[in-house]
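Enquirer: Input structure: entry-v4.tsv, which contains TSV, C-alpha atoms and all ligand atoms.
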```tsv
chain	number	residue	atom	x	y	z
A	1	MET	CA	0.00	0.00	0.00
A	2	HIS	CA	2.83	2.35	0.82
A	3	THR	CA	4.13	2.30	-2.73
A	4	GLN	CA	1.13	4.34	-3.83
A	5	LYS	CA	1.94	7.18	-1.48
A	6	PRO	CA	4.24	10.02	-2.39
A	7	GLU	CA	7.63	9.48	-0.81
A	8	LEU	CA	8.52	12.47	1.29
A	9	ASN	CA	12.20	11.66	0.84
A	10	SER	CA	11.75	11.91	-2.90
A	11	VAL	CA	10.01	15.27	-2.72
A	12	ALA	CA	12.51	16.66	-0.24
A	13	PRO	CA	14.91	17.83	-2.98
A	14	VAL	CA	12.01	19.85	-4.39
A	15	LEU	CA	11.76	21.62	-1.08
A	16	GLU	CA	15.44	22.40	-1.15
A	17	ASN	CA	15.31	23.56	-4.76
A	18	ASN	CA	12.70	26.04	-3.75
A	19	VAL	CA	15.19	27.69	-1.48
A	20	ALA	CA	17.43	29.56	-3.82
A	21	GLU	CA	19.51	31.42	-1.29
A	22	ARG	CA	21.58	29.64	1.31
A	23	ASN	CA	21.09	32.44	3.78
A	24	VAL	CA	17.34	32.09	3.43
A	25	ARG	CA	17.69	28.43	4.38
A	26	ARG	CA	19.81	29.34	7.37
A	27	GLU	CA	17.13	31.77	8.43
A	28	TRP	CA	14.59	28.95	8.27
A	29	LEU	CA	16.73	26.81	10.49
A	30	ARG	CA	17.30	29.62	12.96
A	31	LEU	CA	13.56	30.13	13.26
A	32	ALA	CA	12.68	26.43	13.15
A	33	SER	CA	13.29	25.82	16.82
A	34	THR	CA	11.00	28.68	17.82
A	35	ALA	CA	8.35	27.60	15.32
A	36	SER	CA	8.40	24.04	16.57
A	37	VAL	CA	7.70	25.21	20.09
A	38	GLY	CA	4.69	27.15	18.82
A	39	ALA	CA	3.29	24.22	16.89
A	40	MET	CA	3.94	21.86	19.79
A	41	VAL	CA	2.08	24.12	22.20
A	42	PHE	CA	-0.84	24.07	19.78
A	43	LEU	CA	-0.85	20.29	19.56
A	44	LEU	CA	-0.75	19.88	23.30
A	45	THR	CA	-3.23	22.58	24.20
A	46	GLY	CA	-5.33	23.19	21.11
A	47	ASN	CA	-4.58	26.90	21.48
A	48	THR	CA	-4.75	28.19	17.92
A	49	LYS	CA	-3.40	31.58	18.97
A	50	LYS	CA	-0.07	29.93	19.58
A	51	LEU	CA	0.13	28.56	16.05
A	52	TYR	CA	2.40	30.42	13.73
A	53	ALA	CA	1.16	32.02	10.56
A	54	GLN	CA	1.90	30.35	7.24
A	55	SER	CA	5.60	30.42	6.59
A	56	LEU	CA	8.41	28.19	5.45
A	57	GLN	CA	9.87	28.11	8.93
A	58	GLY	CA	6.41	27.31	10.20
A	59	ASP	CA	6.36	24.20	8.01
A	60	LEU	CA	9.49	22.98	9.72
A	61	GLY	CA	7.82	23.51	13.07
A	62	ILE	CA	4.73	21.64	11.91
A	63	LEU	CA	6.86	18.72	10.73
A	64	THR	CA	8.64	18.63	14.08
A	65	ALA	CA	5.34	18.62	15.96
A	66	ALA	CA	3.91	15.94	13.65
A	67	LEU	CA	7.00	13.80	14.26
A	68	TYR	CA	6.27	13.91	17.99
A	69	LEU	CA	2.77	12.57	17.33
A	70	GLU	CA	4.10	9.79	15.13
A	71	HIS	CA	6.62	8.66	17.75
A	72	GLU	CA	3.86	8.60	20.34
A	73	ALA	CA	1.54	6.60	18.07
A	74	VAL	CA	4.27	4.03	17.37
A	75	ALA	CA	4.83	3.68	21.14
A	76	ALA	CA	1.08	3.33	21.82
A	77	TYR	CA	0.67	0.53	19.29
A	78	GLN	CA	3.84	-1.12	20.60
A	79	ALA	CA	2.42	-1.10	24.12
A	80	GLY	CA	-0.78	-2.63	22.79
A	81	ALA	CA	1.02	-5.29	20.81
A	82	GLU	CA	3.17	-6.27	23.80
A	83	SER	CA	0.28	-6.31	26.27
A	84	LYS	CA	-0.84	-9.84	25.38
A	85	LEU	CA	-4.37	-8.48	25.76
A	86	LEU	CA	-5.18	-8.29	22.06
A	87	SER	CA	-7.08	-10.94	20.15
A	88	PRO	CA	-5.37	-12.05	16.91
A	89	GLY	CA	-7.48	-9.82	14.65
A	90	VAL	CA	-6.93	-6.68	16.73
A	91	LEU	CA	-3.24	-7.45	17.09
A	92	GLN	CA	-2.95	-7.69	13.31
A	93	LEU	CA	-4.69	-4.32	13.03
A	94	ALA	CA	-2.39	-2.73	15.63
A	95	VAL	CA	0.71	-3.95	13.81
A	96	ALA	CA	-0.61	-2.67	10.47
A	97	PHE	CA	-1.49	0.75	11.90
A	98	GLN	CA	1.85	0.96	13.67
A	99	SER	CA	3.52	0.26	10.34
A	100	ASP	CA	1.69	3.25	8.82
A	101	HIS	CA	2.93	5.47	11.65
A	102	LYS	CA	6.49	4.24	11.19
A	103	TYR	CA	6.18	5.17	7.52
A	104	HIS	CA	4.96	8.65	8.46
A	105	ARG	CA	7.75	8.99	11.04
A	106	ASP	CA	10.44	8.00	8.57
A	107	GLY	CA	9.08	10.29	5.87
A	108	ILE	CA	8.94	13.29	8.19
A	109	SER	CA	12.39	12.53	9.58
A	110	GLY	CA	13.75	12.29	6.04
A	111	VAL	CA	12.54	15.69	4.97
A	112	LEU	CA	13.71	17.33	8.20
A	113	LYS	CA	17.16	15.84	7.63
A	114	SER	CA	17.19	17.02	4.04
A	115	LEU	CA	16.56	20.53	5.33
A	116	GLY	CA	19.40	20.30	7.82
A	117	VAL	CA	17.22	19.75	10.88
A	118	GLU	CA	18.11	16.72	12.98
A	119	PRO	CA	14.82	14.94	13.71
A	120	LYS	CA	14.14	14.20	17.36
A	121	GLY	CA	13.84	10.61	18.48
A	122	PRO	CA	11.07	9.20	20.67
A	123	GLU	CA	10.63	10.16	24.30
A	124	LYS	CA	11.83	7.60	26.84
A	125	LYS	CA	8.30	7.18	28.15
A	126	TYR	CA	4.78	8.20	27.16
A	127	ASN	CA	1.77	8.48	29.42
A	128	LEU	CA	-0.53	5.90	27.84
A	129	GLY	CA	-2.78	5.42	30.86
A	130	SER	CA	-3.54	2.04	32.39
A	131	LEU	CA	-4.15	-0.76	29.95
A	132	HIS	CA	-5.98	-3.71	31.44
A	133	SER	CA	-8.12	-4.94	28.57
A	134	GLU	CA	-8.37	-5.01	24.81
A	135	LYS	CA	-11.01	-2.32	25.05
A	136	ASP	CA	-8.62	-0.06	27.01
A	137	ILE	CA	-6.10	-0.41	24.19
A	138	LEU	CA	-8.69	0.18	21.49
A	139	ARG	CA	-9.83	3.33	23.33
A	140	LEU	CA	-6.24	4.55	23.69
A	141	ALA	CA	-5.58	3.98	20.00
A	142	ARG	CA	-8.87	5.57	18.97
A	143	ASP	CA	-8.20	8.67	21.08
A	144	ARG	CA	-4.67	9.02	19.65
A	145	GLU	CA	-6.00	8.60	16.10
A	146	ASN	CA	-8.73	11.13	16.74
A	147	GLY	CA	-6.08	13.56	18.00
A	148	ALA	CA	-4.00	12.90	14.91
A	149	VAL	CA	-6.95	13.56	12.59
A	150	LEU	CA	-7.66	16.88	14.32
A	151	ALA	CA	-3.99	17.87	14.44
A	152	TYR	CA	-3.19	17.05	10.81
A	153	GLY	CA	-6.47	18.53	9.63
A	154	THR	CA	-5.77	21.81	11.41
A	155	LEU	CA	-2.07	21.94	10.66
A	156	ALA	CA	-2.65	21.20	6.98
A	157	SER	CA	-4.31	24.57	6.54
A	158	ASN	CA	-1.15	26.22	7.87
A	159	ILE	CA	1.33	24.33	5.68
A	160	LEU	CA	2.80	26.56	3.03
A	161	THR	CA	5.16	24.28	1.13
A	162	LYS	CA	3.29	22.26	-1.49
A	163	ALA	CA	5.37	19.09	-1.11
A	164	VAL	CA	4.88	19.08	2.65
A	165	LEU	CA	1.16	19.73	2.20
A	166	ASN	CA	0.90	16.81	-0.23
A	167	PHE	CA	2.51	14.44	2.23
A	168	GLY	CA	0.45	15.81	5.13
A	169	ALA	CA	-2.76	15.26	3.17
A	170	ASN	CA	-1.81	11.63	2.57
A	171	VAL	CA	-1.00	11.16	6.25
A	172	LEU	CA	-4.39	12.64	7.13
A	173	VAL	CA	-6.08	10.05	4.89
A	174	ASP	CA	-4.33	7.30	6.88
A	175	GLU	CA	-5.35	8.83	10.20
A	176	VAL	CA	-9.00	9.11	9.18
A	177	ARG	CA	-8.93	5.47	8.04
A	178	HIS	CA	-7.40	4.38	11.36
A	179	ARG	CA	-9.99	6.32	13.36
A	180	THR	CA	-12.85	4.96	11.25
A	181	VAL	CA	-11.79	1.34	11.84
A	182	LEU	CA	-11.25	1.89	15.57
A	183	ASN	CA	-14.57	3.72	15.92
A	184	ALA	CA	-16.27	0.73	14.31
A	185	ALA	CA	-14.47	-1.66	16.66
A	186	LEU	CA	-15.69	0.36	19.66
A	187	GLY	CA	-19.20	0.91	18.36
A	188	ILE	CA	-18.64	4.68	18.00
A	189	PRO	CA	-20.63	6.17	15.09
A	190	ASN	CA	-18.54	7.40	12.16
A	191	TYR	CA	-21.12	9.93	11.07
A	201	FE	FE	-2.95	6.67	12.74
```
Now, as a test, write the supplied structure out as structure tokens.
Ligand SMILES: [Fe+2]

Expert:
Amino acid sequence: MHTQKPELNSVAPVLENNVAERNVRREWLRLASTASVGAMVFLLTGNTKKLYAQSLQGDLGILTAALYLEHEAVAAYQAGAESKLLSPGVLQLAVAFQSDHKYHRDGISGVLKSLGVEPKGPEKKYNLGSLHSEKDILRLARDRENGAVLAYGTLASNILTKAVLNFGANVLVDEVRHRTVLNAALGIPNY
């Protein structure tokens, strides 16, 4: 399935080609750390006032914030897969969805690297709540996917660079699909 998606690594050179002046690129990188803080605050609090206006440096911040979400999703599915609480069908689903998130993570990391930004790795620990049943894990996954849909949907409207927007749109499609399946598993209406 992944072969049908645009490879962010392959579009990364396009991003770089769009930056004609080296000093412009350096300016991006200087501002990237500030922008990433702004986007991260938005993701964690939903405070749209903190989100930066459309800008190239803002795109870097958005990618950094999105990478955080992907690391967390990979960890959540890993916890579910290792819990021994999942029935075979749900385990298969968790592994497949985790694979999608690894693909997103690697794509985002690739473009950040191509722009001279070292992508951050996962946190040592995530607060995933207490997981005592398959339903707990399904709820955790559903809530994370719902957060991802809202985050990517909102952030997409602030992405300026076309290549990044294209990748983000494809990630959003995955997140909606994940949420739809998990909603169905939990009996939550999708409409
Ligand atoms: Fe997802």

Enquirer: Please, which residues have at least one atom within 6 Å of an atom of ligand FE 201 (chain A), using only C-alpha atoms and all ligand atoms, listed as a list in words?

Expert: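 Counting only C-alpha atoms and all ligand atoms, the residues within 6 Å of ligand FE 201 (chain A) come out as Glu145, Glu175 and His178 of chain A.
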
Enquirer: Using the selection just defined, write its residues with C-alpha atoms as a PDB file, in the frame of the given file.

Expert:
```pdb
ATOM      1  CA  GLU A 145      -6.000   8.600  16.100  1.00  0.00           C
ATOM      2  CA  GLU A 175      -5.350   8.830  10.200  1.00  0.00           C
ATOM      3  CA  HIS A 178      -7.400   4.380  11.360  1.00  0.00           C
TER       4      HIS A 178
END
```

Enquirer: If I take atom CA of Pro122 of chain A and atom CA of Leu63 of chain A, how far is one from the other in Å, to one decimal?

Expert: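 Spanning atom CA of Pro122 of chain A to atom CA of Leu63 of chain A is a straight-line distance of 14.4 Å.
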
Enquirer: Could you work out how far atom CA of Gly121 of chain A lies from atom CA of Ala151 of chain A, giving the answer in Å with one decimal?

Expert: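 Between these atoms lies a distance of 19.7 Å.
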
Enquirer: Can you measure atom CA of Tyr77 of chain A to atom CA of Gln98 of chain A for me? One decimal in Å is fine.

Expert: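 Interatomic distance here is 5.8 Å.
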
Enquirer: Of the residues A:Tyr191, A:His101, A:Leu86, A:Lys120, which is the one nearest to Val171 of chain A, using all atoms listed in the file?

Expert: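 When distances to Val171 of chain A are compared using all atoms listed in the file, the smallest one comes from A:His101.
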
Enquirer: Go through A:Lys124, A:Arg144, A:Arg139, A:His104 and flag the residue nearest Ala73 of chain A, using all atoms listed in the file for the distances.

Expert: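 Of A:Lys124, A:Arg144, A:Arg139, A:His104, the one nearest Ala73 of chain A, counting all atoms listed in the file, is A:Arg144.
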
Enquirer: For each of A:Leu182, A:Pro189, A:Asp59, A:Lys102, take the minimum atom-to-atom distance to Arg142 of chain A, counting only C-alpha atoms, then give the residue where this is smallest.

Expert: A:Leu182

Enquirer: So, counting all atoms listed in the file, which residue among A:Ala96, A:Asp143, A:Pro88, A:Val117 is closest to Gly129 of chain A?

Expert: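 Closest candidate: A:Asp143.
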
Enquirer: At a cut-off of 8 Å, using all atoms listed in the file, what residues contact segment 148-150 of chain A? Leave out same-chain residues fewer than 4 positions from it and give the result as a ChimeraX atom specification.

Expert: /A:69,144,154,172,175-176,179

Enquirer: Using all atoms listed in the file, find the one residue out of A:Leu67, A:Ala141, A:Ala163, A:Leu131 that sits nearest to Ser83 of chain A.

Expert: A:Leu131

Enquirer: Take the point (-1.9, -4.7, 20.4) in the file's coordinates, draw a sphere of radius 9 Å around it, and report as a PDB file with C-alpha atoms, in the coordinates of the input every protein, DNA or RNA residue with an atom inside or on it, counting all atoms listed in the file.

Expert:
```pdb
ATOM      1  CA  ALA A  76       1.080   3.330  21.820  1.00  0.00           C
ATOM      2  CA  TYR A  77       0.670   0.530  19.290  1.00  0.00           C
ATOM      3  CA  GLN A  78       3.840  -1.120  20.600  1.00  0.00           C
ATOM      4  CA  ALA A  79       2.420  -1.100  24.120  1.00  0.00           C
ATOM      5  CA  GLY A  80      -0.780  -2.630  22.790  1.00  0.00           C
ATOM      6  CA  ALA A  81       1.020  -5.290  20.810  1.00  0.00           C
ATOM      7  CA  GLU A  82       3.170  -6.270  23.800  1.00  0.00           C
ATOM      8  CA  SER A  83       0.280  -6.310  26.270  1.00  0.00           C
ATOM      9  CA  LYS A  84      -0.840  -9.840  25.380  1.00  0.00           C
ATOM     10  CA  LEU A  85      -4.370  -8.480  25.760  1.00  0.00           C
ATOM     11  CA  LEU A  86      -5.180  -8.290  22.060  1.00  0.00           C
ATOM     12  CA  SER A  87      -7.080 -10.940  20.150  1.00  0.00           C
ATOM     13  CA  PRO A  88      -5.370 -12.050  16.910  1.00  0.00           C
ATOM     14  CA  VAL A  90      -6.930  -6.680  16.730  1.00  0.00           C
ATOM     15  CA  LEU A  91      -3.240  -7.450  17.090  1.00  0.00           C
ATOM     16  CA  GLN A  92      -2.950  -7.690  13.310  1.00  0.00           C
ATOM     17  CA  LEU A  93      -4.690  -4.320  13.030  1.00  0.00           C
ATOM     18  CA  ALA A  94      -2.390  -2.730  15.630  1.00  0.00           C
ATOM     19  CA  VAL A  95       0.710  -3.950  13.810  1.00  0.00           C
ATOM     20  CA  GLU A 134      -8.370  -5.010  24.810  1.00  0.00           C
ATOM     21  CA  ILE A 137      -6.100  -0.410  24.190  1.00  0.00           C
ATOM     22  CA  LEU A 138      -8.690   0.180  21.490  1.00  0.00           C
TER      23      LEU A 138
END
```
